[in-house]
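Novice: Dropping in structure19.tsv, with TSV, N, CA and C atoms.
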```tsv
chain	number	residue	atom	x	y	z
A	511	MET	N	-29.25	-2.12	-20.94
A	511	MET	CA	-28.95	-2.25	-19.53
A	511	MET	C	-28.02	-1.11	-19.09
A	512	SER	N	-28.20	-0.69	-17.86
A	512	SER	CA	-27.33	0.35	-17.33
A	512	SER	C	-25.97	-0.25	-16.95
A	513	LYS	N	-24.99	0.63	-16.78
A	513	LYS	CA	-23.66	0.15	-16.37
A	513	LYS	C	-23.74	-0.55	-15.02
A	514	GLU	N	-24.55	-0.03	-14.12
A	514	GLU	CA	-24.70	-0.65	-12.80
A	514	GLU	C	-25.28	-2.06	-12.92
A	515	GLU	N	-26.26	-2.22	-13.80
A	515	GLU	CA	-26.84	-3.55	-14.00
A	515	GLU	C	-25.83	-4.50	-14.63
A	516	LEU	N	-24.92	-3.98	-15.42
A	516	LEU	CA	-23.88	-4.80	-16.03
A	516	LEU	C	-22.78	-5.13	-15.02
A	517	ASN	N	-22.47	-4.19	-14.14
A	517	ASN	CA	-21.38	-4.37	-13.20
A	517	ASN	C	-21.72	-5.23	-11.99
A	518	THR	N	-22.97	-5.20	-11.54
A	518	THR	CA	-23.36	-5.92	-10.32
A	518	THR	C	-23.08	-7.42	-10.41
A	519	PRO	N	-23.45	-8.11	-11.49
A	519	PRO	CA	-23.14	-9.54	-11.54
A	519	PRO	C	-21.63	-9.84	-11.53
A	520	ILE	N	-20.84	-8.97	-12.15
A	520	ILE	CA	-19.40	-9.16	-12.15
A	520	ILE	C	-18.87	-9.02	-10.72
A	521	ARG	N	-19.29	-7.95	-10.05
A	521	ARG	CA	-18.85	-7.71	-8.67
A	521	ARG	C	-19.26	-8.86	-7.76
A	522	ASN	N	-20.49	-9.35	-7.91
A	522	ASN	CA	-20.97	-10.46	-7.07
A	522	ASN	C	-20.18	-11.74	-7.33
A	523	GLU	N	-19.83	-11.99	-8.59
A	523	GLU	CA	-19.04	-13.18	-8.91
A	523	GLU	C	-17.64	-13.09	-8.28
A	524	VAL	N	-17.03	-11.92	-8.38
A	524	VAL	CA	-15.71	-11.74	-7.78
A	524	VAL	C	-15.79	-11.91	-6.27
A	525	LEU	N	-16.81	-11.34	-5.64
A	525	LEU	CA	-16.99	-11.50	-4.20
A	525	LEU	C	-17.17	-12.97	-3.83
A	526	ASP	N	-17.93	-13.72	-4.62
A	526	ASP	CA	-18.12	-15.14	-4.34
A	526	ASP	C	-16.80	-15.91	-4.41
A	527	VAL	N	-15.99	-15.62	-5.41
A	527	VAL	CA	-14.69	-16.29	-5.54
A	527	VAL	C	-13.80	-15.95	-4.35
A	528	ILE	N	-13.76	-14.68	-3.98
A	528	ILE	CA	-12.95	-14.25	-2.83
A	528	ILE	C	-13.47	-14.90	-1.56
A	529	ARG	N	-14.78	-14.91	-1.39
A	529	ARG	CA	-15.41	-15.50	-0.20
A	529	ARG	C	-15.00	-16.97	-0.06
A	530	GLN	N	-15.08	-17.71	-1.16
A	530	GLN	CA	-14.72	-19.14	-1.14
A	530	GLN	C	-13.23	-19.33	-0.85
A	531	ALA	N	-12.39	-18.52	-1.45
A	531	ALA	CA	-10.94	-18.64	-1.23
A	531	ALA	C	-10.59	-18.33	0.23
A	532	LEU	N	-11.19	-17.29	0.79
A	532	LEU	CA	-10.92	-16.93	2.17
A	532	LEU	C	-11.42	-18.01	3.13
A	533	ALA	N	-12.60	-18.55	2.84
A	533	ALA	CA	-13.15	-19.61	3.69
A	533	ALA	C	-12.25	-20.84	3.65
A	534	ALA	N	-11.73	-21.18	2.48
A	534	ALA	CA	-10.85	-22.34	2.35
A	534	ALA	C	-9.52	-22.11	3.06
A	535	HIS	N	-8.97	-20.92	2.93
A	535	HIS	CA	-7.66	-20.64	3.52
A	535	HIS	C	-7.70	-20.45	5.03
A	536	PHE	N	-8.65	-19.66	5.51
A	536	PHE	CA	-8.72	-19.32	6.93
A	536	PHE	C	-9.66	-20.22	7.72
A	537	ASP	N	-10.40	-21.06	7.04
A	537	ASP	CA	-11.34	-21.98	7.68
A	537	ASP	C	-12.39	-21.23	8.52
A	538	VAL	N	-12.83	-20.08	8.00
A	538	VAL	CA	-13.92	-19.32	8.61
A	538	VAL	C	-14.83	-18.82	7.49
A	539	ASP	N	-16.06	-18.56	7.83
A	539	ASP	CA	-16.98	-18.01	6.84
A	539	ASP	C	-16.82	-16.50	6.76
A	540	ALA	N	-16.88	-15.97	5.56
A	540	ALA	CA	-16.81	-14.53	5.37
A	540	ALA	C	-18.13	-13.91	5.80
A	541	ILE	N	-18.06	-12.71	6.29
A	541	ILE	CA	-19.23	-11.98	6.76
A	541	ILE	C	-19.54	-10.89	5.75
A	542	ASP	N	-20.76	-10.88	5.22
A	542	ASP	CA	-21.18	-9.81	4.31
A	542	ASP	C	-21.48	-8.57	5.14
A	543	VAL	N	-20.74	-7.49	4.88
A	543	VAL	CA	-20.96	-6.26	5.64
A	543	VAL	C	-21.62	-5.18	4.80
A	544	SER	N	-21.62	-5.35	3.49
A	544	SER	CA	-22.37	-4.47	2.59
A	544	SER	C	-22.45	-5.18	1.25
A	545	GLY	N	-23.03	-4.51	0.28
A	545	GLY	CA	-23.20	-5.12	-1.03
A	545	GLY	C	-21.90	-5.40	-1.75
A	546	ASN	N	-20.84	-4.70	-1.37
A	546	ASN	CA	-19.56	-4.90	-2.06
A	546	ASN	C	-18.41	-5.15	-1.10
A	547	GLU	N	-18.71	-5.46	0.17
A	547	GLU	CA	-17.66	-5.69	1.16
A	547	GLU	C	-17.93	-6.98	1.94
A	548	ILE	N	-16.85	-7.71	2.18
A	548	ILE	CA	-16.91	-8.86	3.06
A	548	ILE	C	-15.79	-8.73	4.08
A	549	ALA	N	-15.98	-9.34	5.23
A	549	ALA	CA	-14.97	-9.30	6.28
A	549	ALA	C	-14.76	-10.72	6.79
A	550	ILE	N	-13.55	-10.97	7.28
A	550	ILE	CA	-13.29	-12.25	7.93
A	550	ILE	C	-12.60	-11.96	9.25
A	551	PRO	N	-12.95	-12.75	10.27
A	551	PRO	CA	-12.26	-12.58	11.55
A	551	PRO	C	-10.88	-13.21	11.48
A	552	VAL	N	-9.89	-12.50	12.02
A	552	VAL	CA	-8.52	-12.98	12.08
A	552	VAL	C	-7.96	-12.67	13.46
A	553	LEU	N	-6.88	-13.34	13.83
A	553	LEU	CA	-6.24	-13.11	15.11
A	553	LEU	C	-4.87	-12.49	14.90
A	554	ASP	N	-4.54	-11.49	15.74
A	554	ASP	CA	-3.18	-10.93	15.67
A	554	ASP	C	-2.26	-11.81	16.51
A	555	SER	N	-1.01	-11.44	16.62
A	555	SER	CA	-0.04	-12.28	17.32
A	555	SER	C	-0.33	-12.41	18.82
A	556	ALA	N	-1.12	-11.49	19.37
A	556	ALA	CA	-1.50	-11.57	20.78
A	556	ALA	C	-2.86	-12.24	20.96
A	557	GLN	N	-3.33	-12.88	19.89
A	557	GLN	CA	-4.61	-13.60	19.89
A	557	GLN	C	-5.83	-12.70	20.08
A	558	ASN	N	-5.70	-11.42	19.69
A	558	ASN	CA	-6.84	-10.49	19.71
A	558	ASN	C	-7.57	-10.62	18.39
A	559	GLU	N	-8.89	-10.65	18.45
A	559	GLU	CA	-9.67	-10.76	17.21
A	559	GLU	C	-9.69	-9.43	16.48
A	560	LYS	N	-9.38	-9.48	15.21
A	560	LYS	CA	-9.43	-8.34	14.30
A	560	LYS	C	-10.26	-8.78	13.11
A	561	PHE	N	-10.51	-7.86	12.20
A	561	PHE	CA	-11.24	-8.21	10.99
A	561	PHE	C	-10.49	-7.69	9.77
A	562	ALA	N	-10.38	-8.55	8.78
A	562	ALA	CA	-9.83	-8.14	7.49
A	562	ALA	C	-11.03	-7.82	6.60
A	563	LEU	N	-11.01	-6.65	6.02
A	563	LEU	CA	-12.12	-6.18	5.21
A	563	LEU	C	-11.69	-6.14	3.74
A	564	VAL	N	-12.50	-6.76	2.90
A	564	VAL	CA	-12.21	-6.79	1.47
A	564	VAL	C	-13.35	-6.09	0.74
A	565	LYS	N	-12.99	-5.09	-0.05
A	565	LYS	CA	-13.99	-4.32	-0.79
A	565	LYS	C	-13.74	-4.54	-2.29
A	566	VAL	N	-14.79	-4.84	-3.00
A	566	VAL	CA	-14.70	-5.05	-4.45
A	566	VAL	C	-15.54	-3.98	-5.14
A	567	SER	N	-14.92	-3.30	-6.08
A	567	SER	CA	-15.67	-2.30	-6.83
A	567	SER	C	-15.31	-2.40	-8.31
A	568	ILE	N	-16.22	-2.02	-9.13
A	568	ILE	CA	-16.00	-1.91	-10.56
A	568	ILE	C	-15.99	-0.41	-10.83
A	569	PRO	N	-14.79	0.21	-10.88
A	569	PRO	CA	-14.73	1.67	-10.98
A	569	PRO	C	-15.27	2.20	-12.31
A	570	ARG	N	-15.93	3.32	-12.22
A	570	ARG	CA	-16.45	3.97	-13.42
A	570	ARG	C	-15.35	4.68	-14.18
A	571	GLY	N	-14.42	5.25	-13.44
A	571	GLY	CA	-13.38	6.06	-14.05
A	571	GLY	C	-13.48	7.47	-13.50
A	572	THR	N	-12.89	8.41	-14.21
A	572	THR	CA	-12.91	9.80	-13.76
A	572	THR	C	-13.84	10.61	-14.64
A	573	ARG	N	-14.39	11.66	-14.08
A	573	ARG	CA	-15.28	12.53	-14.86
A	573	ARG	C	-14.47	13.27	-15.91
A	574	ASP	N	-15.07	13.42	-17.07
A	574	ASP	CA	-14.36	14.09	-18.16
A	574	ASP	C	-14.68	15.57	-18.26
A	575	GLY	N	-15.54	16.09	-17.38
A	575	GLY	CA	-15.89	17.50	-17.39
A	575	GLY	C	-17.04	17.84	-18.33
A	576	GLN	N	-17.52	16.86	-19.05
A	576	GLN	CA	-18.62	17.10	-19.99
A	576	GLN	C	-19.80	16.18	-19.70
A	577	GLY	N	-19.91	15.75	-18.43
A	577	GLY	CA	-21.03	14.91	-18.04
A	577	GLY	C	-20.80	13.43	-18.25
A	578	GLY	N	-19.63	13.05	-18.70
A	578	GLY	CA	-19.33	11.64	-18.92
A	578	GLY	C	-18.15	11.19	-18.09
A	579	TYR	N	-17.66	10.02	-18.42
A	579	TYR	CA	-16.54	9.44	-17.69
A	579	TYR	C	-15.45	8.98	-18.64
A	580	ILE	N	-14.21	9.07	-18.17
A	580	ILE	CA	-13.09	8.46	-18.86
A	580	ILE	C	-12.91	7.11	-18.19
A	581	GLU	N	-13.03	6.04	-18.94
A	581	GLU	CA	-13.00	4.69	-18.38
A	581	GLU	C	-11.75	4.46	-17.55
A	582	TYR	N	-11.91	3.75	-16.46
A	582	TYR	CA	-10.80	3.39	-15.58
A	582	TYR	C	-9.88	2.43	-16.32
A	583	ASP	N	-8.58	2.66	-16.23
A	583	ASP	CA	-7.58	1.82	-16.89
A	583	ASP	C	-6.62	1.30	-15.82
A	584	ALA	N	-6.79	0.05	-15.42
A	584	ALA	CA	-5.95	-0.54	-14.37
A	584	ALA	C	-4.49	-0.64	-14.80
A	585	TYR	N	-4.25	-0.83	-16.09
A	585	TYR	CA	-2.87	-0.92	-16.56
A	585	TYR	C	-2.15	0.42	-16.39
A	586	ALA	N	-2.84	1.49	-16.72
A	586	ALA	CA	-2.26	2.83	-16.54
A	586	ALA	C	-2.09	3.14	-15.05
A	587	ALA	N	-3.06	2.74	-14.24
A	587	ALA	CA	-2.97	2.97	-12.80
A	587	ALA	C	-1.80	2.19	-12.20
A	588	ALA	N	-1.59	0.96	-12.66
A	588	ALA	CA	-0.48	0.15	-12.17
A	588	ALA	C	0.86	0.76	-12.57
A	589	GLU	N	0.94	1.28	-13.79
A	589	GLU	CA	2.18	1.92	-14.25
A	589	GLU	C	2.46	3.18	-13.43
A	590	GLU	N	1.42	3.95	-13.18
A	590	GLU	CA	1.57	5.17	-12.37
A	590	GLU	C	2.02	4.82	-10.96
A	591	TYR	N	1.45	3.77	-10.39
A	591	TYR	CA	1.83	3.32	-9.06
A	591	TYR	C	3.29	2.87	-9.05
A	592	ARG	N	3.70	2.11	-10.05
A	592	ARG	CA	5.08	1.64	-10.15
A	592	ARG	C	6.05	2.82	-10.21
A	593	LEU	N	5.70	3.82	-11.01
A	593	LEU	CA	6.55	5.01	-11.13
A	593	LEU	C	6.62	5.78	-9.80
A	594	ASP	N	5.48	5.88	-9.12
A	594	ASP	CA	5.45	6.55	-7.82
A	594	ASP	C	6.34	5.83	-6.81
A	595	MET	N	6.27	4.49	-6.80
A	595	MET	CA	7.08	3.71	-5.87
A	595	MET	C	8.57	3.84	-6.19
A	596	GLU	N	8.91	3.87	-7.48
A	596	GLU	CA	10.31	4.07	-7.86
A	596	GLU	C	10.82	5.44	-7.41
A	597	GLU	N	9.98	6.45	-7.57
A	597	GLU	CA	10.35	7.81	-7.15
A	597	GLU	C	10.55	7.87	-5.64
A	598	LYS	N	9.64	7.25	-4.88
A	598	LYS	CA	9.77	7.23	-3.42
A	598	LYS	C	11.03	6.47	-3.01
A	599	LYS	N	11.33	5.38	-3.69
A	599	LYS	CA	12.52	4.58	-3.38
A	599	LYS	C	13.78	5.41	-3.66
A	600	ALA	N	13.79	6.14	-4.77
A	600	ALA	CA	14.94	6.97	-5.11
A	600	ALA	C	15.12	8.09	-4.09
A	601	LYS	N	14.01	8.73	-3.68
A	601	LYS	CA	14.08	9.79	-2.67
A	601	LYS	C	14.60	9.23	-1.35
A	602	LYS	N	14.13	8.05	-0.96
A	602	LYS	CA	14.57	7.45	0.28
A	602	LYS	C	16.05	7.12	0.22
A	603	ALA	N	16.51	6.60	-0.92
A	603	ALA	CA	17.93	6.29	-1.08
A	603	ALA	C	18.78	7.55	-1.00
A	604	ALA	N	18.29	8.66	-1.58
A	604	ALA	CA	19.02	9.92	-1.53
A	604	ALA	C	19.11	10.43	-0.09
A	605	VAL	N	18.02	10.32	0.66
A	605	VAL	CA	18.02	10.75	2.06
A	605	VAL	C	18.98	9.89	2.87
A	606	GLU	N	18.95	8.59	2.63
A	606	GLU	CA	19.85	7.67	3.35
A	606	GLU	C	21.31	7.97	3.03
A	607	ALA	N	21.60	8.26	1.75
A	607	ALA	CA	22.99	8.58	1.35
A	607	ALA	C	23.44	9.87	2.01
A	608	LYS	N	22.55	10.87	2.05
A	608	LYS	CA	22.88	12.15	2.68
A	608	LYS	C	23.12	11.95	4.18
A	609	LYS	N	22.29	11.12	4.79
A	609	LYS	CA	22.43	10.83	6.21
A	609	LYS	C	23.75	10.11	6.48
A	610	ALA	N	24.09	9.15	5.66
A	610	ALA	CA	25.35	8.41	5.82
A	610	ALA	C	26.55	9.33	5.64
A	611	ALA	N	26.46	10.26	4.69
A	611	ALA	CA	27.55	11.21	4.46
A	611	ALA	C	27.71	12.13	5.67
A	612	LYS	N	26.60	12.56	6.24
A	612	LYS	CA	26.65	13.42	7.43
A	612	LYS	C	27.25	12.67	8.61
A	613	ILE	N	26.85	11.42	8.79
A	613	ILE	CA	27.41	10.62	9.88
A	613	ILE	C	28.91	10.45	9.70
A	614	ALA	N	29.33	10.16	8.47
A	614	ALA	CA	30.77	10.00	8.19
A	614	ALA	C	31.52	11.30	8.47
A	615	ALA	N	30.95	12.43	8.05
A	615	ALA	CA	31.59	13.72	8.29
A	615	ALA	C	31.66	14.01	9.78
A	616	ASP	N	30.58	13.73	10.51
A	616	ASP	CA	30.58	13.94	11.96
A	616	ASP	C	31.62	13.07	12.65
A	617	ASN	N	31.72	11.82	12.21
A	617	ASN	CA	32.72	10.91	12.79
A	617	ASN	C	34.13	11.40	12.51
A	618	ALA	N	34.34	11.91	11.31
A	618	ALA	CA	35.67	12.44	10.95
A	618	ALA	C	36.00	13.66	11.81
A	619	LYS	N	35.01	14.54	12.02
A	619	LYS	CA	35.22	15.72	12.88
A	619	LYS	C	35.55	15.30	14.30
A	620	ARG	N	34.82	14.32	14.82
A	620	ARG	CA	35.06	13.85	16.18
A	620	ARG	C	36.48	13.26	16.30
A	621	ALA	N	36.85	12.47	15.30
A	621	ALA	CA	38.18	11.85	15.32
A	621	ALA	C	39.26	12.92	15.27
A	622	ALA	N	39.08	13.92	14.42
A	622	ALA	CA	40.06	15.01	14.32
A	622	ALA	C	40.12	15.80	15.62
A	623	LYS	N	38.98	16.07	16.21
A	623	LYS	CA	38.93	16.81	17.46
A	623	LYS	C	39.58	16.01	18.59
A	624	GLN	N	39.30	14.70	18.60
A	624	GLN	CA	39.88	13.85	19.63
A	624	GLN	C	41.40	13.76	19.45
A	625	LYS	N	41.87	13.66	18.21
A	625	LYS	CA	43.30	13.60	17.91
A	625	LYS	C	43.98	14.90	18.36
A	626	LYS	N	43.33	16.03	18.04
A	626	LYS	CA	43.90	17.34	18.40
A	626	LYS	C	43.96	17.49	19.91
A	627	SER	N	42.93	17.07	20.63
A	627	SER	CA	42.93	17.21	22.10
A	627	SER	C	43.94	16.25	22.73
A	628	SER	N	44.16	15.09	22.14
A	628	SER	CA	45.16	14.16	22.68
A	628	SER	C	46.57	14.67	22.41
A	629	GLU	N	46.78	15.40	21.31
A	629	GLU	CA	48.09	15.96	20.99
A	629	GLU	C	48.41	17.13	21.94
A	630	THR	N	47.41	17.93	22.26
A	630	THR	CA	47.64	19.06	23.18
A	630	THR	C	47.82	18.58	24.61
A	631	SER	N	47.26	17.45	24.96
A	631	SER	CA	47.40	16.89	26.31
A	631	SER	C	48.78	16.29	26.50
A	632	ALA	N	49.38	15.79	25.45
A	632	ALA	CA	50.66	15.11	25.56
A	632	ALA	C	51.80	16.02	25.63
```
Would you put the structure from the file into structure tokens?

Specialist:
Amino acid sequence: MSKEELNTPIRNEVLDVIRQALAAHFDVDAIDVSGNEIAIPVLDSAQNEKFALVKVSIPRGTRDGQGGYIEYDAYAAAEEYRLDMEEKKAKKAAVEAKKAAKIAADNAKRAAKQKKSSETSA
């Protein structure tokens, strides 16, 4: 059997489980929009109808440059994502610290300038 023939039943089973869970939770039927996508109607806070789209895929992996594939590894992808999020969090914290330091320095300059102008006025 081909990989596609092996993957299709898995993908369909996952879609069925998701479809049932969404129907039970939101009390609406899922809409099949393609072979690997389902959508459900939802309402935003202003009661406008929107759609949540769920796509299920069984990834092949990445090409190895020799006509084959390196199998997809969700554990490695999750670790890479975790590291990326930690890096972004650290960068954001550094920017926030720099911004806070600048605000403190600006406030100190203003206070010194105000003190100096009040001393010259007196």

Novice: Within 8 Å of Gly571 (chain A), counting only N, CA and C atoms, which residues show up once you throw out same-chain ones fewer than 4 positions away? Write them as a ChimeraX atom specification, please.

Specialist: /A:578-583

Novice: What gap, in Å, lies between CA of Pro519 (chain A) and CA of Gly545 (chain A)?

Specialist: 11.4 Å

Novice: Record the distance separating CA of Ala533 (chain A) and CA of Ile520 (chain A), expressed in Å with one decimal.

Specialist: 20.0 Å

Novice: Which value, in Å to one decimal, gives the distance between CA of Ala614 (chain A) and CA of Glu597 (chain A)?

Specialist: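 Interatomic distance here is 25.6 Å.
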
Novice: For the strand (DSSP E or B) assignment from backbone DSSP, which residues of region 529-576 of chain A qualify? Please present them as an MDAnalysis selection string.

Specialist: chainID A and resid 541:544 547:553 559:565 572:573

Novice: For the residues in the current selection, export N, CA and C atoms as a PDB file, in the coordinates of the input.

Specialist:
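Contents of again37.pdb, as written:
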```
ATOM      1  N   ILE A 541     -18.060 -12.710   6.290  1.00  0.00           N
ATOM      2  CA  ILE A 541     -19.230 -11.980   6.760  1.00  0.00           C
ATOM      3  C   ILE A 541     -19.540 -10.890   5.750  1.00  0.00           C
ATOM      4  N   ASP A 542     -20.760 -10.880   5.220  1.00  0.00           N
ATOM      5  CA  ASP A 542     -21.180  -9.810   4.310  1.00  0.00           C
ATOM      6  C   ASP A 542     -21.480  -8.570   5.140  1.00  0.00           C
ATOM      7  N   VAL A 543     -20.740  -7.490   4.880  1.00  0.00           N
ATOM      8  CA  VAL A 543     -20.960  -6.260   5.640  1.00  0.00           C
ATOM      9  C   VAL A 543     -21.620  -5.180   4.800  1.00  0.00           C
ATOM     10  N   SER A 544     -21.620  -5.350   3.490  1.00  0.00           N
ATOM     11  CA  SER A 544     -22.370  -4.470   2.590  1.00  0.00           C
ATOM     12  C   SER A 544     -22.450  -5.180   1.250  1.00  0.00           C
ATOM     13  N   GLU A 547     -18.710  -5.460   0.170  1.00  0.00           N
ATOM     14  CA  GLU A 547     -17.660  -5.690   1.160  1.00  0.00           C
ATOM     15  C   GLU A 547     -17.930  -6.980   1.940  1.00  0.00           C
ATOM     16  N   ILE A 548     -16.850  -7.710   2.180  1.00  0.00           N
ATOM     17  CA  ILE A 548     -16.910  -8.860   3.060  1.00  0.00           C
ATOM     18  C   ILE A 548     -15.790  -8.730   4.080  1.00  0.00           C
ATOM     19  N   ALA A 549     -15.980  -9.340   5.230  1.00  0.00           N
ATOM     20  CA  ALA A 549     -14.970  -9.300   6.280  1.00  0.00           C
ATOM     21  C   ALA A 549     -14.760 -10.720   6.790  1.00  0.00           C
ATOM     22  N   ILE A 550     -13.550 -10.970   7.280  1.00  0.00           N
ATOM     23  CA  ILE A 550     -13.290 -12.250   7.930  1.00  0.00           C
ATOM     24  C   ILE A 550     -12.600 -11.960   9.250  1.00  0.00           C
ATOM     25  N   PRO A 551     -12.950 -12.750  10.270  1.00  0.00           N
ATOM     26  CA  PRO A 551     -12.260 -12.580  11.550  1.00  0.00           C
ATOM     27  C   PRO A 551     -10.880 -13.210  11.480  1.00  0.00           C
ATOM     28  N   VAL A 552      -9.890 -12.500  12.020  1.00  0.00           N
ATOM     29  CA  VAL A 552      -8.520 -12.980  12.080  1.00  0.00           C
ATOM     30  C   VAL A 552      -7.960 -12.670  13.460  1.00  0.00           C
ATOM     31  N   LEU A 553      -6.880 -13.340  13.830  1.00  0.00           N
ATOM     32  CA  LEU A 553      -6.240 -13.110  15.110  1.00  0.00           C
ATOM     33  C   LEU A 553      -4.870 -12.490  14.900  1.00  0.00           C
ATOM     34  N   GLU A 559      -8.890 -10.650  18.450  1.00  0.00           N
ATOM     35  CA  GLU A 559      -9.670 -10.760  17.210  1.00  0.00           C
ATOM     36  C   GLU A 559      -9.690  -9.430  16.480  1.00  0.00           C
ATOM     37  N   LYS A 560      -9.380  -9.480  15.210  1.00  0.00           N
ATOM     38  CA  LYS A 560      -9.430  -8.340  14.300  1.00  0.00           C
ATOM     39  C   LYS A 560     -10.260  -8.780  13.110  1.00  0.00           C
ATOM     40  N   PHE A 561     -10.510  -7.860  12.200  1.00  0.00           N
ATOM     41  CA  PHE A 561     -11.240  -8.210  10.990  1.00  0.00           C
ATOM     42  C   PHE A 561     -10.490  -7.690   9.770  1.00  0.00           C
ATOM     43  N   ALA A 562     -10.380  -8.550   8.780  1.00  0.00           N
ATOM     44  CA  ALA A 562      -9.830  -8.140   7.490  1.00  0.00           C
ATOM     45  C   ALA A 562     -11.030  -7.820   6.600  1.00  0.00           C
ATOM     46  N   LEU A 563     -11.010  -6.650   6.020  1.00  0.00           N
ATOM     47  CA  LEU A 563     -12.120  -6.180   5.210  1.00  0.00           C
ATOM     48  C   LEU A 563     -11.690  -6.140   3.740  1.00  0.00           C
ATOM     49  N   VAL A 564     -12.500  -6.760   2.900  1.00  0.00           N
ATOM     50  CA  VAL A 564     -12.210  -6.790   1.470  1.00  0.00           C
ATOM     51  C   VAL A 564     -13.350  -6.090   0.740  1.00  0.00           C
ATOM     52  N   LYS A 565     -12.990  -5.090  -0.050  1.00  0.00           N
ATOM     53  CA  LYS A 565     -13.990  -4.320  -0.790  1.00  0.00           C
ATOM     54  C   LYS A 565     -13.740  -4.540  -2.290  1.00  0.00           C
ATOM     55  N   THR A 572     -12.890   8.410 -14.210  1.00  0.00           N
ATOM     56  CA  THR A 572     -12.910   9.800 -13.760  1.00  0.00           C
ATOM     57  C   THR A 572     -13.840  10.610 -14.640  1.00  0.00           C
ATOM     58  N   ARG A 573     -14.390  11.660 -14.080  1.00  0.00           N
ATOM     59  CA  ARG A 573     -15.280  12.530 -14.860  1.00  0.00           C
ATOM     60  C   ARG A 573     -14.470  13.270 -15.910  1.00  0.00           C
TER      61      ARG A 573
END
```

Novice: Among chain A, which ones does DSSP place in helix (DSSP H, G or I), written as JSON, numbers by chain?

Specialist: {"A": [513, 514, 515, 516, 517, 518, 519, 520, 521, 522, 523, 524, 525, 526, 527, 528, 529, 530, 531, 532, 533, 534, 535, 536, 584, 585, 586, 587, 588, 589, 590, 591, 592, 593, 594, 595, 596, 597, 598, 599, 600, 601, 602, 603, 604, 605, 606, 607, 608, 609, 610, 611, 612, 613, 614, 615, 616, 617, 618, 619, 620, 621, 622, 623, 624, 625, 626, 627, 628, 629, 630, 631]}

Novice: So which one's closest to Glu547 (chain A), A:Asn522, A:Asn617, A:Gln576, A:Asn517? Using only C-alpha atoms, please.

Specialist: A:Asn522
